[in-house]
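Chemist: Handing over final-v4.txt, compact mmCIF, C-alpha atoms.
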```
# COMPACT_ATOMS: atom_id res chain seq x y z
CA MET A 46 22.53 69.91 -51.46
CA LYS A 47 23.33 66.75 -53.43
CA ARG A 48 20.21 67.31 -55.53
CA PHE A 49 21.40 70.85 -56.36
CA HIS A 50 24.79 69.56 -57.57
CA ILE A 51 23.16 66.94 -59.78
CA MET A 52 20.81 69.52 -61.34
CA LEU A 53 23.69 71.93 -61.88
CA SER A 54 25.81 69.23 -63.56
CA VAL A 55 22.97 68.20 -65.86
CA SER A 56 22.36 71.85 -66.79
CA VAL A 57 26.04 72.47 -67.58
CA VAL A 58 26.24 69.33 -69.74
CA GLY A 59 23.05 70.33 -71.57
CA VAL A 60 24.33 73.85 -72.30
CA THR A 61 27.66 72.43 -73.49
CA ILE A 62 25.91 70.08 -75.92
CA VAL A 63 23.69 72.85 -77.33
CA VAL A 64 26.58 75.29 -77.75
CA GLY A 65 28.72 72.63 -79.41
CA ALA A 66 25.94 71.72 -81.81
CA LEU A 67 25.38 75.37 -82.76
CA ALA A 68 29.11 75.88 -83.35
CA LEU A 69 29.24 72.93 -85.75
CA LEU A 70 26.07 73.80 -87.67
CA PRO A 71 27.49 76.44 -90.04
CA ARG A 72 30.48 74.23 -90.92
CA GLN A 73 28.19 71.29 -91.71
CA ALA A 74 25.84 73.48 -93.73
CA ARG A 75 28.71 74.71 -95.94
CA SER A 76 30.20 71.26 -96.42
CA GLN A 77 26.82 69.72 -97.34
CA GLY A 78 25.81 72.55 -99.68
CA LEU A 79 22.86 73.65 -97.56
CA ALA A 80 23.39 77.29 -98.62
CA GLY A 81 20.99 76.71 -101.49
CA SER A 82 20.85 74.85 -104.77
CA PRO A 83 22.75 76.24 -107.78
CA GLU A 84 19.44 77.47 -109.20
CA GLN A 85 18.61 79.32 -105.97
CA GLN A 86 22.06 80.85 -105.89
CA ALA A 87 21.69 82.00 -109.52
CA ASP A 88 18.28 83.54 -108.75
CA GLN A 89 19.76 85.36 -105.76
CA ALA A 90 22.66 86.69 -107.86
CA ALA A 91 20.20 87.97 -110.49
CA LEU A 92 18.15 89.76 -107.83
CA GLU A 93 21.27 91.36 -106.35
CA ALA A 94 22.49 92.50 -109.80
CA ASN A 95 19.31 94.54 -110.34
CA TYR A 96 19.14 95.92 -106.81
CA PRO A 97 20.15 99.61 -106.56
CA LYS A 98 23.56 100.14 -105.03
CA MET A 99 24.27 102.90 -102.52
CA GLU A 100 26.73 105.56 -103.62
CA ILE A 101 28.83 106.40 -100.57
CA THR A 102 31.51 109.03 -100.41
CA ASP A 103 33.77 108.80 -97.41
CA GLN A 104 35.25 112.21 -96.71
CA TYR A 105 37.49 113.15 -93.80
CA LEU A 106 37.56 116.83 -92.91
CA HIS A 107 40.61 118.11 -91.08
CA LEU A 108 38.80 120.42 -88.67
CA SER A 109 40.76 121.97 -85.83
CA ILE A 110 39.73 124.22 -82.99
CA PRO A 111 42.36 126.36 -81.26
CA GLY A 112 42.98 125.05 -77.75
CA GLN A 113 40.38 122.28 -78.06
CA THR A 114 40.11 118.66 -79.06
CA MET A 115 37.04 117.61 -80.98
CA GLY A 116 35.33 114.71 -79.29
CA GLN A 117 32.46 112.54 -80.46
CA THR A 118 30.68 114.47 -83.20
CA VAL A 119 26.96 113.81 -83.16
CA GLY A 120 25.57 116.64 -85.25
CA VAL A 121 26.70 118.35 -88.44
CA ALA A 122 24.76 120.88 -90.49
CA GLN A 123 25.48 123.46 -93.20
CA ASN A 124 23.95 126.88 -93.79
CA SER A 125 23.26 128.65 -97.10
CA ARG A 126 26.74 130.26 -97.13
CA GLY A 127 28.45 126.87 -96.88
CA HIS A 128 29.42 127.28 -93.23
CA LEU A 129 29.59 124.02 -91.30
CA PHE A 130 28.17 123.65 -87.78
CA VAL A 131 29.54 120.82 -85.67
CA TYR A 132 27.94 119.75 -82.38
CA SER A 133 30.36 117.64 -80.39
CA ARG A 134 30.60 115.89 -77.06
CA SER A 135 34.01 117.35 -76.34
CA GLN A 136 34.22 118.15 -72.67
CA ASN A 137 34.69 115.59 -69.91
CA GLN A 138 32.26 117.08 -67.42
CA GLY A 139 29.71 114.32 -67.82
CA VAL A 140 26.06 114.31 -68.74
CA ALA A 141 24.58 115.52 -65.47
CA ARG A 142 22.17 118.39 -65.82
CA GLY A 143 24.10 121.61 -65.59
CA GLY A 144 27.33 119.96 -66.66
CA ARG A 145 28.93 121.37 -69.80
CA ALA A 146 29.97 118.39 -71.89
CA ALA A 147 29.03 119.58 -75.41
CA MET A 148 30.17 122.37 -77.70
CA LEU A 149 28.77 123.88 -80.92
CA TRP A 150 31.35 125.17 -83.40
CA GLU A 151 31.15 127.03 -86.72
CA PHE A 152 33.60 126.55 -89.59
CA ASP A 153 33.66 128.63 -92.79
CA GLU A 154 33.31 127.27 -96.33
CA ASN A 155 37.05 126.39 -96.30
CA TYR A 156 36.61 124.49 -92.99
CA LYS A 157 38.52 127.12 -91.02
CA PHE A 158 37.33 127.60 -87.44
CA VAL A 159 35.12 130.70 -87.03
CA LYS A 160 33.74 130.60 -83.48
CA GLU A 161 31.96 128.66 -80.77
CA TRP A 162 28.22 129.25 -80.56
CA GLY A 163 26.54 129.67 -77.17
CA PRO A 164 29.64 129.40 -74.98
CA ASN A 165 28.84 128.52 -71.36
CA ASN A 166 25.29 127.64 -72.38
CA TYR A 167 23.54 125.52 -69.75
CA ALA A 168 21.84 123.63 -72.59
CA GLU A 169 25.09 121.93 -73.64
CA SER A 170 25.06 118.87 -71.45
CA PHE A 171 24.93 115.91 -73.87
CA ALA A 172 24.89 116.84 -77.57
CA HIS A 173 22.26 115.23 -79.76
CA VAL A 174 21.83 117.09 -83.08
CA VAL A 175 22.23 120.44 -84.83
CA ARG A 176 20.16 121.70 -87.77
CA VAL A 177 20.06 124.85 -89.90
CA ASP A 178 16.69 126.03 -91.25
CA LYS A 179 15.95 127.89 -94.51
CA SER A 180 16.47 131.25 -92.74
CA ASP A 181 19.94 130.18 -91.54
CA ASN A 182 18.76 129.89 -87.94
CA VAL A 183 20.78 127.25 -86.11
CA TRP A 184 18.88 124.77 -83.91
CA GLN A 185 20.77 122.94 -81.19
CA VAL A 186 19.12 119.90 -79.59
CA ASP A 187 20.65 118.69 -76.33
CA GLU A 188 19.67 115.31 -74.93
CA GLY A 189 21.25 115.81 -71.50
CA SER A 190 19.49 119.04 -70.64
CA GLY A 191 16.35 118.18 -72.60
CA MET A 192 16.52 121.55 -74.35
CA VAL A 193 16.25 122.93 -77.87
CA VAL A 194 18.01 126.23 -78.47
CA LYS A 195 17.44 128.40 -81.54
CA TYR A 196 20.15 130.84 -82.63
CA ASN A 197 19.65 133.55 -85.23
CA PRO A 198 22.30 133.89 -87.98
CA GLU A 199 24.24 136.30 -85.74
CA ALA A 200 24.66 133.52 -83.11
CA GLN A 201 22.26 135.08 -80.60
CA SER A 202 19.88 132.71 -78.88
CA VAL A 203 16.22 133.35 -79.72
CA PHE A 204 13.45 132.42 -77.32
```
Any chance you could give the structure as structure tokens?

Modeler:
Amino acid sequence: MKRFHIMLSVSVVGVTIVVGALALLPRQARSQGLAGSPEQQADQAALEANYPKMEITDQYLHLSIPGQTMGQTVGVAQNSRGHLFVYSRSQNQGVARGGRAAMLWEFDENYKFVKEWGPNNYAESFAHVVRVDKSDNVWQVDEGSGMVVKYNPEAQSVF
């Protein structure tokens, strides 16, 4: 038992020393100029200046569904008419097979709610992705049920 306590104490002291050393390392590196020589920093700045920058547009859509709250949105797609399809984990029934925890909604080109697609569909257990193909068929992929459902443009499931 005494041997165990000695080994435990040595281990705790060793971990404390390592953690303390790692915590001090970045501070020492900055104070000693270990981030690179001025020439290296200039080279890095030149490389970054010529590197292509990502153009990101952050857009928030005010989508609302009568009588519903939109949960975690995991899939968004648009058809040729500009209608938006949103696949969301909105229900609180869990991810068990047969549980309905996901919903697929359609919004028009002005982002006004149109309808829910596939209501009470047993393939809406844990939303994964939604896609629209060139024929405006809507494809719903559900991770929880392990199913892919194809809807024609009239919102009828196609097997």

Chemist: Give me the residues near segment 120-134 of chain A as a ChimeraX atom specification, where near means some atom within 10 Å (using only C-alpha atoms) and where sequence neighbours in that chain fewer than 5 positions away do not count.

Modeler: /A:108,114-115,139-140,145-162,169-187,198

Chemist: For atom CA of Gln113 of chain A and atom CA of Gln136 of chain A, quote the distance in Å rounded to one decimal.

Modeler: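 Atom CA of Gln136 of chain A lies at a distance of 9.2 Å from atom CA of Gln113 of chain A.
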
Chemist: Report, as lines of an AutoDock Vina configuration file, the axis-aligned box around all atoms of segment 100-110 of chain A present in the file, extended by 6 Å on each side; give centre and edge lengths in Å to one decimal place.

Modeler:
```
center_x = 33.7
center_y = 114.9
center_z = -93.3
size_x = 26.0
size_y = 30.7
size_z = 32.6
```

Chemist: Go ahead and compute the interatomic distance for atom CA of Asn166 of chain A and atom CA of Leu106 of chain A, in Å to one decimal.

Modeler: 26.2 Å

Chemist: Please indicate the distance in Å from atom CA of Ser82 of chain A to atom CA of Tyr96 of chain A, rounded to one decimal place.

Modeler: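 Atom CA of Tyr96 of chain A lies 21.2 Å from atom CA of Ser82 of chain A.
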
Chemist: Write out N, CA and C atoms for segment 169-194 of chain A, as a PDB file, in the frame of the given file.

Modeler:
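Result written to result19.pdb:
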```
ATOM      1  N   GLU A 169      24.082 122.729 -72.952  1.00  0.00           N
ATOM      2  CA  GLU A 169      25.090 121.930 -73.640  1.00  0.00           C
ATOM      3  C   GLU A 169      25.611 120.842 -72.715  1.00  0.00           C
ATOM      4  N   SER A 170      24.739 119.908 -72.406  1.00  0.00           N
ATOM      5  CA  SER A 170      25.060 118.870 -71.450  1.00  0.00           C
ATOM      6  C   SER A 170      25.412 117.546 -72.127  1.00  0.00           C
ATOM      7  N   PHE A 171      24.685 117.162 -73.154  1.00  0.00           N
ATOM      8  CA  PHE A 171      24.930 115.910 -73.870  1.00  0.00           C
ATOM      9  C   PHE A 171      24.390 116.096 -75.284  1.00  0.00           C
ATOM     10  N   ALA A 172      25.276 116.479 -76.200  1.00  0.00           N
ATOM     11  CA  ALA A 172      24.890 116.840 -77.570  1.00  0.00           C
ATOM     12  C   ALA A 172      24.059 115.752 -78.230  1.00  0.00           C
ATOM     13  N   HIS A 173      23.091 116.186 -79.030  1.00  0.00           N
ATOM     14  CA  HIS A 173      22.260 115.230 -79.760  1.00  0.00           C
ATOM     15  C   HIS A 173      22.263 115.529 -81.262  1.00  0.00           C
ATOM     16  N   VAL A 174      21.893 116.758 -81.655  1.00  0.00           N
ATOM     17  CA  VAL A 174      21.830 117.090 -83.080  1.00  0.00           C
ATOM     18  C   VAL A 174      21.873 118.599 -83.260  1.00  0.00           C
ATOM     19  N   VAL A 175      22.284 119.023 -84.443  1.00  0.00           N
ATOM     20  CA  VAL A 175      22.230 120.440 -84.830  1.00  0.00           C
ATOM     21  C   VAL A 175      21.630 120.496 -86.232  1.00  0.00           C
ATOM     22  N   ARG A 176      20.797 121.499 -86.469  1.00  0.00           N
ATOM     23  CA  ARG A 176      20.160 121.700 -87.770  1.00  0.00           C
ATOM     24  C   ARG A 176      20.180 123.181 -88.114  1.00  0.00           C
ATOM     25  N   VAL A 177      20.149 123.479 -89.416  1.00  0.00           N
ATOM     26  CA  VAL A 177      20.060 124.850 -89.900  1.00  0.00           C
ATOM     27  C   VAL A 177      18.804 124.927 -90.757  1.00  0.00           C
ATOM     28  N   ASP A 178      17.928 125.915 -90.474  1.00  0.00           N
ATOM     29  CA  ASP A 178      16.690 126.030 -91.250  1.00  0.00           C
ATOM     30  C   ASP A 178      16.902 126.929 -92.475  1.00  0.00           C
ATOM     31  N   LYS A 179      15.845 127.135 -93.261  1.00  0.00           N
ATOM     32  CA  LYS A 179      15.950 127.890 -94.510  1.00  0.00           C
ATOM     33  C   LYS A 179      16.298 129.358 -94.294  1.00  0.00           C
ATOM     34  N   SER A 180      16.115 129.866 -93.068  1.00  0.00           N
ATOM     35  CA  SER A 180      16.470 131.250 -92.740  1.00  0.00           C
ATOM     36  C   SER A 180      17.848 131.350 -92.101  1.00  0.00           C
ATOM     37  N   ASP A 181      18.600 130.274 -92.132  1.00  0.00           N
ATOM     38  CA  ASP A 181      19.940 130.180 -91.540  1.00  0.00           C
ATOM     39  C   ASP A 181      19.933 130.288 -90.019  1.00  0.00           C
ATOM     40  N   ASN A 182      18.788 130.022 -89.397  1.00  0.00           N
ATOM     41  CA  ASN A 182      18.760 129.890 -87.940  1.00  0.00           C
ATOM     42  C   ASN A 182      19.367 128.531 -87.600  1.00  0.00           C
ATOM     43  N   VAL A 183      20.129 128.482 -86.531  1.00  0.00           N
ATOM     44  CA  VAL A 183      20.780 127.250 -86.110  1.00  0.00           C
ATOM     45  C   VAL A 183      20.024 126.698 -84.907  1.00  0.00           C
ATOM     46  N   TRP A 184      19.641 125.440 -84.978  1.00  0.00           N
ATOM     47  CA  TRP A 184      18.880 124.770 -83.910  1.00  0.00           C
ATOM     48  C   TRP A 184      19.772 123.727 -83.263  1.00  0.00           C
ATOM     49  N   GLN A 185      19.948 123.851 -81.974  1.00  0.00           N
ATOM     50  CA  GLN A 185      20.770 122.940 -81.190  1.00  0.00           C
ATOM     51  C   GLN A 185      19.851 122.111 -80.297  1.00  0.00           C
ATOM     52  N   VAL A 186      19.934 120.790 -80.414  1.00  0.00           N
ATOM     53  CA  VAL A 186      19.120 119.900 -79.590  1.00  0.00           C
ATOM     54  C   VAL A 186      20.069 119.160 -78.646  1.00  0.00           C
ATOM     55  N   ASP A 187      19.793 119.296 -77.341  1.00  0.00           N
ATOM     56  CA  ASP A 187      20.650 118.690 -76.330  1.00  0.00           C
ATOM     57  C   ASP A 187      19.869 117.648 -75.551  1.00  0.00           C
ATOM     58  N   GLU A 188      20.353 116.423 -75.594  1.00  0.00           N
ATOM     59  CA  GLU A 188      19.670 115.310 -74.930  1.00  0.00           C
ATOM     60  C   GLU A 188      19.821 115.371 -73.410  1.00  0.00           C
ATOM     61  N   GLY A 189      20.992 115.793 -72.936  1.00  0.00           N
ATOM     62  CA  GLY A 189      21.250 115.810 -71.500  1.00  0.00           C
ATOM     63  C   GLY A 189      20.412 116.811 -70.747  1.00  0.00           C
ATOM     64  N   SER A 190      20.277 118.012 -71.303  1.00  0.00           N
ATOM     65  CA  SER A 190      19.490 119.040 -70.640  1.00  0.00           C
ATOM     66  C   SER A 190      18.025 118.995 -71.045  1.00  0.00           C
ATOM     67  N   GLY A 191      17.723 118.253 -72.112  1.00  0.00           N
ATOM     68  CA  GLY A 191      16.350 118.180 -72.600  1.00  0.00           C
ATOM     69  C   GLY A 191      15.902 119.484 -73.229  1.00  0.00           C
ATOM     70  N   MET A 192      16.841 120.227 -73.814  1.00  0.00           N
ATOM     71  CA  MET A 192      16.520 121.550 -74.350  1.00  0.00           C
ATOM     72  C   MET A 192      16.786 121.638 -75.855  1.00  0.00           C
ATOM     73  N   VAL A 193      16.026 122.535 -76.494  1.00  0.00           N
ATOM     74  CA  VAL A 193      16.250 122.930 -77.870  1.00  0.00           C
ATOM     75  C   VAL A 193      16.535 124.420 -77.848  1.00  0.00           C
ATOM     76  N   VAL A 194      17.645 124.823 -78.436  1.00  0.00           N
ATOM     77  CA  VAL A 194      18.010 126.230 -78.470  1.00  0.00           C
ATOM     78  C   VAL A 194      18.059 126.684 -79.921  1.00  0.00           C
TER      79      VAL A 194
END
```
